[in-house]
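Student: Can you read through this structure? Questions will come right after.
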Amino acid sequence: MARMRWLGALLVVALAASACARSSTETETGGGEETTTTSAAGGGGGTGTFGTLHDVCGPGDAKSATAQGVTADSITVGTFSDPGSSVRPGLNQEIFDTAEVFAAWCNDQGGINGRKLVVDQHDSALFNVRPEMAKACRKDFFLVGGGAVFDQEGVKPRLECVLPAIPGFAVSSEARGADLQVQPIPNGMTSQPFGPYKWLKRKFPDGAARAGILWGQLPAMTTTAHMRKEQATRAGWKVVYENTFPATGPSSWAPFVEKLRSEKVKGLVWVAEPELLAALCNALRDADYKLDFIVTDANHYDQKLIKLGAEAVSDVYVIGSLVPFEMAGENPATKQYLELFDEYKPDGKSHAYLGLQGMSAWLLFATSATKCGDDLTRRCVYENARKVDDWTGGGLHARQDPARGLASQCFMFYKGGAGGFTFPDVDPNEGPFNCGPGNILKLKGDYGKSITLADVGRTMGDLK
């Protein structure tokens with residue numbers, strides 16, 4: 001079926017929010033954010049400390065069954081992912097692995113006020129979001145740390161059953177700004193990163209003056225490409241070329257390379273998969289046409305880009321806001337994350353960008369739930385999470401604003417190359433990140449509508 005032919009490319013729909021980044025290459029890097037932490041793994045020490053976060057989990061005297069999924073002894077929390085897909089087996093398995101690691105560690109610390117975490121894994125396998133959401137609505141207290149490629153299918157049923165979420169990522173227009181949701185690393189509809197585009201214009205003025213945009217022919221990619229055009233043009237770029245290609249890639253990149261040459265494009269915005277970008281970069285090298293830069297989203301922080309492109313991807317700049325794995329030696333939270341995998345799931349997918357995002361979501365949930373004490377309700381956790389306006393996941397990533405759902409004020413680049421990823425100097429002022437209010441762009445364009453409680457006949461008064 002046609003659907004089966006293009007589904008492989010759907011990994012990119014999470015774009016800045018997702019992707020499997022399996023980076024094990026050691027690269028000389030700068031230092032991470034200053035943090036304080038206890039012994040890294042903390043398996044049974046009962047400290048409940050992760051990075052800069054204290055009292056994440058711990059013992060307590062909870063004794064009441066206060067909500068669906070909550071007993072005096074346990075909390076059942078749902079997590080969505082798609083590893084059971086026959087189209088792409090193992091897709092985003094790191095979401096489930098991270099959930100298992102966090103729950104095992106948290107329970108070793110004493111749980112959440114003494115209640116043990118029980119992870120209810122919902123394998124939506126791409127096409128089963130609705131039936132899995134129906135199960136979650138009947139059983140789970142909260143949804144945490146997950147995400148689904150076709151997440152738009154689950155938003156209405158989730159809101160109909162008034163089930164709050166702290167997701168690892170959100171993909172569709174319907175989901176990204178939906179009600180009853182707090183994103184620890186927001187990927188919203190009203191703001192996007194601006195600092196990277198201004199930085200590239202300063203460093204590569206000729207490239208910004210002759211820019212192009214290429215994206216795959218899928219609705220989510222088209223929406224993102226249109227956002228990127230607004231970001232670029234408002235940063236002072238001149239876009240002289242725009243084009244799309246089949247989502248699984250064209251039969252040949254040569255016509256695209258020749259069009260880039262004929263239009264004298266020097267800088268390129270790319271929205272698709274790392275495998276396809278590597279192929280384009282190889283075609284550019286073979287045609288002896290060099291761009292000043294290619295800028296793309298965080299799903300390209302992936303060793304597949306390096307393996308397939310090597311020196312041909314040396315001008316690729318990946319926008320990111322998570323401390324990379326190469327900096328784990330200088331960043332206690334990233335180091336602790338990897339050590340928890342070593343202790344609790346050594347065969348799991350530890351080096352995955354999306355796993356770090358999932359961990360941030362679990363940490364936000366646990367810290368919000370701990371504050372509720374014995375009276376653990378959905379409203380209490382949700383309202384606590386909604387108050388958090390300065391969040392780094394204990395040092396896993398740059399400052400984020402979950403409360404307002406705005407793009408981060410901080411950014412860095414992961415730059416491709418034959419030796420692995422390196423990290424250009426972006427005038428960092430917070431660890432490896434360049435941070436400041438001017439790094440956010442409030443969008444003016446119309447990029448779709450997110451689903452609200454009112455759309456399903458519900459109100460905040462229904463949240464108990």
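All residue names refer to the structure tokens as shown: chains lettered A, B, ... in order, residues numbered from 1 in each chain, ligands numbered from 1 in order.
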Looking only at the backbone, which of the residues in range 81-162 of chain A does DSSP tag as strand (DSSP E or B), as a ChimeraX atom specification?
Tutor: /A:81-82,91,112,115-123,142-144
Student: Within 9 Å of Asn243 in chain A, counting only C-alpha atoms, which residues qualify if same-chain residues fewer than 3 places away don't, as a ChimeraX atom specification?
Tutor: /A:212-216,256
Student: Take the residues that were just selected and, keeping N, CA, C and O atoms, output them as an mmCIF file, in the first residue's frame.
Tutor:
```cif
data_model
loop_
_atom_site.group_PDB
_atom_site.id
_atom_site.type_symbol
_atom_site.label_atom_id
_atom_site.label_comp_id
_atom_site.auth_asym_id
_atom_site.auth_seq_id
_atom_site.Cartn_x
_atom_site.Cartn_y
_atom_site.Cartn_z
ATOM 1 N N GLY A 212 17.306 28.414 0.759
ATOM 2 C CA GLY A 212 16.284 27.522 0.225
ATOM 3 C C GLY A 212 15.657 26.704 1.337
ATOM 4 O O GLY A 212 16.200 26.614 2.444
ATOM 5 N N ILE A 213 14.499 26.105 1.060
ATOM 6 C CA ILE A 213 13.815 25.218 2.003
ATOM 7 C C ILE A 213 13.402 23.956 1.249
ATOM 8 O O ILE A 213 12.771 24.046 0.187
ATOM 9 N N LEU A 214 13.748 22.810 1.785
ATOM 10 C CA LEU A 214 13.340 21.518 1.229
ATOM 11 C C LEU A 214 12.647 20.715 2.308
ATOM 12 O O LEU A 214 13.123 20.644 3.444
ATOM 13 N N TRP A 215 11.517 20.083 1.956
ATOM 14 C CA TRP A 215 10.810 19.263 2.931
ATOM 15 C C TRP A 215 10.060 18.123 2.266
ATOM 16 O O TRP A 215 9.737 18.168 1.078
ATOM 17 N N GLY A 216 9.795 17.084 3.046
ATOM 18 C CA GLY A 216 9.070 15.925 2.558
ATOM 19 C C GLY A 216 7.583 16.189 2.441
ATOM 20 O O GLY A 216 7.014 17.005 3.176
ATOM 21 N N PHE A 256 17.514 18.012 -7.787
ATOM 22 C CA PHE A 256 17.419 18.971 -6.685
ATOM 23 C C PHE A 256 18.740 19.729 -6.534
ATOM 24 O O PHE A 256 18.752 20.949 -6.299
#
```
Student: Would you mind listing what lies within 12 Å of Gln152 in chain A as a tab-separated table (two decimals) with N, CA, C and O atoms, in the first residue's frame, with only C-alpha atoms counted and same-chain residues fewer than 5 positions away left out?
Tutor:
```tsv
chain	number	residue	atom	x	y	z
A	13	VAL	N	8.07	13.43	12.07
A	13	VAL	CA	6.98	14.34	12.40
A	13	VAL	C	7.13	14.94	13.79
A	13	VAL	O	6.56	15.97	14.09
A	126	LEU	N	1.68	2.68	15.76
A	126	LEU	CA	1.29	3.63	14.72
A	126	LEU	C	-0.22	3.77	14.59
A	126	LEU	O	-0.76	4.86	14.69
A	127	PHE	N	-0.95	2.66	14.37
A	127	PHE	CA	-2.34	2.76	13.98
A	127	PHE	C	-3.34	2.43	15.09
A	127	PHE	O	-4.55	2.39	14.85
A	128	ASN	N	-2.86	2.21	16.30
A	128	ASN	CA	-3.75	1.79	17.38
A	128	ASN	C	-3.85	2.82	18.50
A	128	ASN	O	-4.05	2.46	19.66
A	129	VAL	N	-3.73	4.08	18.16
A	129	VAL	CA	-3.77	5.11	19.19
A	129	VAL	C	-5.12	5.13	19.89
A	129	VAL	O	-5.21	5.18	21.13
A	130	ARG	N	-6.20	5.12	19.13
A	130	ARG	CA	-7.53	5.22	19.74
A	130	ARG	C	-7.85	4.07	20.68
A	130	ARG	O	-8.29	4.30	21.81
A	133	MET	N	-5.82	4.47	23.77
A	133	MET	CA	-6.28	5.58	24.59
A	133	MET	C	-7.53	5.19	25.36
A	133	MET	O	-7.73	5.61	26.52
A	147	GLY	N	4.62	9.47	23.74
A	147	GLY	CA	4.22	10.16	22.53
A	147	GLY	C	3.94	9.14	21.45
A	147	GLY	O	4.44	8.01	21.50
A	157	PRO	N	-10.34	11.63	22.53
A	157	PRO	CA	-10.73	10.68	23.58
A	157	PRO	C	-10.04	10.95	24.92
A	157	PRO	O	-10.64	10.75	25.98
A	158	ARG	N	-8.81	11.44	24.89
A	158	ARG	CA	-8.13	11.77	26.15
A	158	ARG	C	-8.84	12.91	26.87
A	158	ARG	O	-9.04	12.86	28.10
A	159	LEU	N	-9.24	13.92	26.13
A	159	LEU	CA	-9.94	15.04	26.75
A	159	LEU	C	-11.36	14.66	27.17
A	159	LEU	O	-11.87	15.14	28.18
A	170	ALA	N	5.05	15.97	21.56
A	170	ALA	CA	3.77	16.10	20.86
A	170	ALA	C	4.06	16.43	19.41
A	170	ALA	O	4.99	17.19	19.12
A	171	VAL	N	3.27	15.88	18.51
A	171	VAL	CA	3.58	15.92	17.08
A	171	VAL	C	2.65	16.83	16.30
A	171	VAL	O	3.07	17.80	15.68
A	172	SER	N	1.38	16.50	16.31
A	172	SER	CA	0.41	17.12	15.40
A	172	SER	C	-0.04	18.48	15.90
A	172	SER	O	0.11	18.82	17.08
A	173	SER	N	-0.63	19.25	15.00
A	173	SER	CA	-1.22	20.54	15.39
A	173	SER	C	-2.29	20.33	16.44
A	173	SER	O	-2.43	21.12	17.39
A	174	GLU	N	-3.06	19.24	16.31
A	174	GLU	CA	-4.13	18.97	17.26
A	174	GLU	C	-3.60	18.73	18.66
A	174	GLU	O	-4.23	19.10	19.66
A	175	ALA	N	-2.42	18.11	18.75
A	175	ALA	CA	-1.89	17.71	20.05
A	175	ALA	C	-0.97	18.74	20.68
A	175	ALA	O	-0.89	18.86	21.90
A	176	ARG	N	-0.25	19.50	19.88
A	176	ARG	CA	0.84	20.31	20.41
A	176	ARG	C	0.36	21.39	21.39
A	176	ARG	O	1.07	21.73	22.33
A	177	GLY	N	-0.81	21.92	21.17
A	177	GLY	CA	-1.33	22.93	22.08
A	177	GLY	C	-2.59	22.51	22.79
A	177	GLY	O	-3.38	23.34	23.25
A	178	ALA	N	-2.82	21.19	22.89
A	178	ALA	CA	-4.07	20.66	23.45
A	178	ALA	C	-4.19	20.99	24.93
A	178	ALA	O	-3.21	21.21	25.64
A	220	ALA	N	2.53	17.13	8.28
A	220	ALA	CA	3.28	17.62	9.44
A	220	ALA	C	4.57	18.31	9.01
A	220	ALA	O	4.98	19.32	9.59
A	449	LYS	N	-5.04	24.19	14.35
A	449	LYS	CA	-5.76	24.39	15.61
A	449	LYS	C	-5.59	23.19	16.52
A	449	LYS	O	-5.75	22.04	16.11
A	450	SER	N	-5.26	23.47	17.76
A	450	SER	CA	-5.17	22.42	18.76
A	450	SER	C	-6.55	22.16	19.37
A	450	SER	O	-7.42	23.02	19.35
A	451	ILE	N	-6.73	20.97	19.93
A	451	ILE	CA	-8.03	20.56	20.46
A	451	ILE	C	-8.15	20.98	21.92
A	451	ILE	O	-7.21	20.81	22.71
```
Student: When you look at range 77-90 of chain A with a cut-off of 10 Å (counting only C-alpha atoms), what residues show up, excluding the ones that are within fewer than 4 positions of it in the same chain? I need them as number ranges by chain.
Tutor: A: 3-11, 69-70, 94-96, 99, 103, 117-129, 132-133, 135-137, 139-151, 165-168, 358
Student: Would you kindly return, as a PyMOL selection string, each protein, DNA or RNA residue with an atom no farther than 12 Å from any atom of Met460 in chain A, considering only C-alpha atoms and excluding same-chain residues fewer than 5 positions away?
Tutor: chain A and resi 159-164+179-180+378-379+382-383+452-454
Student: Just to be explicit: take each residue in the selection above, keep N, CA, C and O atoms, and write the result as a CSV table (one decimal), in the first residue's frame.
Tutor:
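In the end it all went to again-v2.csv:
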```
chain,number,residue,atom,x,y,z
A,159,LEU,N,-9.2,13.9,26.1
A,159,LEU,CA,-9.9,15.0,26.7
A,159,LEU,C,-11.4,14.7,27.2
A,159,LEU,O,-11.9,15.1,28.2
A,160,GLU,N,-12.0,13.8,26.4
A,160,GLU,CA,-13.3,13.3,26.8
A,160,GLU,C,-13.3,12.6,28.1
A,160,GLU,O,-14.3,12.8,28.9
A,161,CYS,N,-12.3,11.9,28.4
A,161,CYS,CA,-12.2,11.2,29.7
A,161,CYS,C,-11.4,12.0,30.7
A,161,CYS,O,-11.1,11.5,31.8
A,162,VAL,N,-11.1,13.2,30.4
A,162,VAL,CA,-10.4,14.2,31.3
A,162,VAL,C,-9.1,13.6,31.9
A,162,VAL,O,-8.9,13.5,33.1
A,163,LEU,N,-8.3,13.0,31.0
A,163,LEU,CA,-7.0,12.4,31.4
A,163,LEU,C,-5.9,13.3,31.1
A,163,LEU,O,-5.5,13.6,29.9
A,164,PRO,N,-5.2,13.9,32.1
A,164,PRO,CA,-4.1,14.8,31.9
A,164,PRO,C,-2.8,14.1,31.4
A,164,PRO,O,-2.7,12.9,31.6
A,179,ASP,N,-5.4,21.0,25.4
A,179,ASP,CA,-5.7,21.2,26.8
A,179,ASP,C,-5.3,20.0,27.7
A,179,ASP,O,-5.0,18.9,27.1
A,180,LEU,N,-5.2,20.2,29.0
A,180,LEU,CA,-4.9,19.2,30.0
A,180,LEU,C,-3.5,18.5,29.6
A,180,LEU,O,-3.4,17.3,29.7
A,378,ARG,N,-5.6,14.1,40.1
A,378,ARG,CA,-5.2,14.6,38.8
A,378,ARG,C,-5.1,16.1,38.9
A,378,ARG,O,-4.1,16.7,38.3
A,379,ARG,N,-6.0,16.7,39.5
A,379,ARG,CA,-6.0,18.2,39.5
A,379,ARG,C,-4.8,18.7,40.2
A,379,ARG,O,-4.1,19.7,39.8
A,382,TYR,N,-1.6,18.2,38.0
A,382,TYR,CA,-1.7,19.1,36.8
A,382,TYR,C,-1.4,20.5,37.2
A,382,TYR,O,-0.6,21.2,36.6
A,383,GLU,N,-2.1,21.0,38.3
A,383,GLU,CA,-1.9,22.4,38.7
A,383,GLU,C,-0.5,22.6,39.2
A,383,GLU,O,0.1,23.7,38.9
A,452,THR,N,-9.3,21.5,22.3
A,452,THR,CA,-9.5,22.0,23.6
A,452,THR,C,-10.6,21.2,24.3
A,452,THR,O,-11.3,20.4,23.7
A,453,LEU,N,-10.7,21.4,25.6
A,453,LEU,CA,-11.8,20.7,26.4
A,453,LEU,C,-13.2,21.1,25.8
A,453,LEU,O,-14.1,20.3,25.7
A,454,ALA,N,-13.3,22.4,25.4
A,454,ALA,CA,-14.6,22.9,24.9
A,454,ALA,C,-15.0,22.1,23.6
A,454,ALA,O,-16.2,21.9,23.4
```
Student: I'd like the contact shell of range 413-421 of chain A - 6 Å cut-off, only C-alpha atoms, skipping same-chain residues fewer than 3 positions apart - returned as a ChimeraX atom specification.
Tutor: /A:310-311,313-314,316-320
Student: Where does range 83-189 of chain A meet range 399-412 of chain A within 9 Å, residue by residue, with the nearest atom pair and distance in Å to one decimal for each, counting only C-alpha atoms, listed by chain and rising number, as CSV?
Tutor:
```
residue,atom,partner,partner_atom,distance
A:Gly177,CA,A:Gly405,CA,8.1
A:Val182,CA,A:Pro402,CA,6.0
A:Gln183,CA,A:Pro402,CA,5.6
A:Pro184,CA,A:Pro402,CA,5.2
A:Ile185,CA,A:Gln400,CA,6.0
A:Pro186,CA,A:Gly405,CA,5.2
A:Asn187,CA,A:Ala407,CA,6.5
A:Gly188,CA,A:Gly405,CA,6.5
A:Met189,CA,A:Leu406,CA,9.0
```
Student: Write out as a tab-separated table the residues of range 219-267 of chain A that have any atom within 8 Å of an atom of range 288-297 of chain A, one row each with the nearest atom pair and its distance in Å to one decimal, counting only C-alpha atoms, sorted by chain and then rising number.
Tutor:
```
residue	atom	partner	partner_atom	distance
A:Val257	CA	A:Tyr289	CA	7.8
A:Arg261	CA	A:Tyr289	CA	7.0
A:Val265	CA	A:Leu291	CA	7.3
A:Lys266	CA	A:Leu291	CA	4.7
A:Gly267	CA	A:Phe293	CA	5.1
```
Student: Could those selected residues go to a file with C-alpha atoms, as a CSV table (one decimal), in the first residue's frame?
Tutor:
```csv
chain,number,residue,atom,x,y,z
A,257,VAL,CA,21.1,19.7,-6.6
A,261,ARG,CA,22.9,25.4,-8.1
A,265,VAL,CA,21.2,28.7,-3.0
A,266,LYS,CA,23.9,29.0,-0.3
A,267,GLY,CA,22.0,28.2,2.8
```
Student: Kindly provide the residues of range 279-336 of chain A that approach range 341-356 of chain A to within 8 Å, each paired with its closest atom pair and their distance in Å to one decimal, based on only C-alpha atoms, listed by chain and increasing number, as a Markdown table.
Tutor:
```
| residue | atom | partner | partner_atom | distance |
| --- | --- | --- | --- | --- |
| A:Asn299 | CA | A:Tyr353 | CA | 7.8 |
| A:Tyr301 | CA | A:Tyr353 | CA | 7.6 |
| A:Leu322 | CA | A:Leu356 | CA | 7.8 |
| A:Phe325 | CA | A:His351 | CA | 7.1 |
```
Student: I'd like to know which residues of range 18-254 of chain A are helix (DSSP H, G or I) (by DSSP, run on the backbone); could you write them as a PyMOL selection string?
Tutor: chain A and resi 93-108+129-139+152-160+173-176+195-203+205-209+219-234+254
Student: When you count only C-alpha atoms, which of these residues is closest to Thr66 in chain A: A:Val456, A:Cys380, A:Val269, A:Leu305?
Tutor: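 Smallest distance to Thr66 in chain A is found for A:Cys380.
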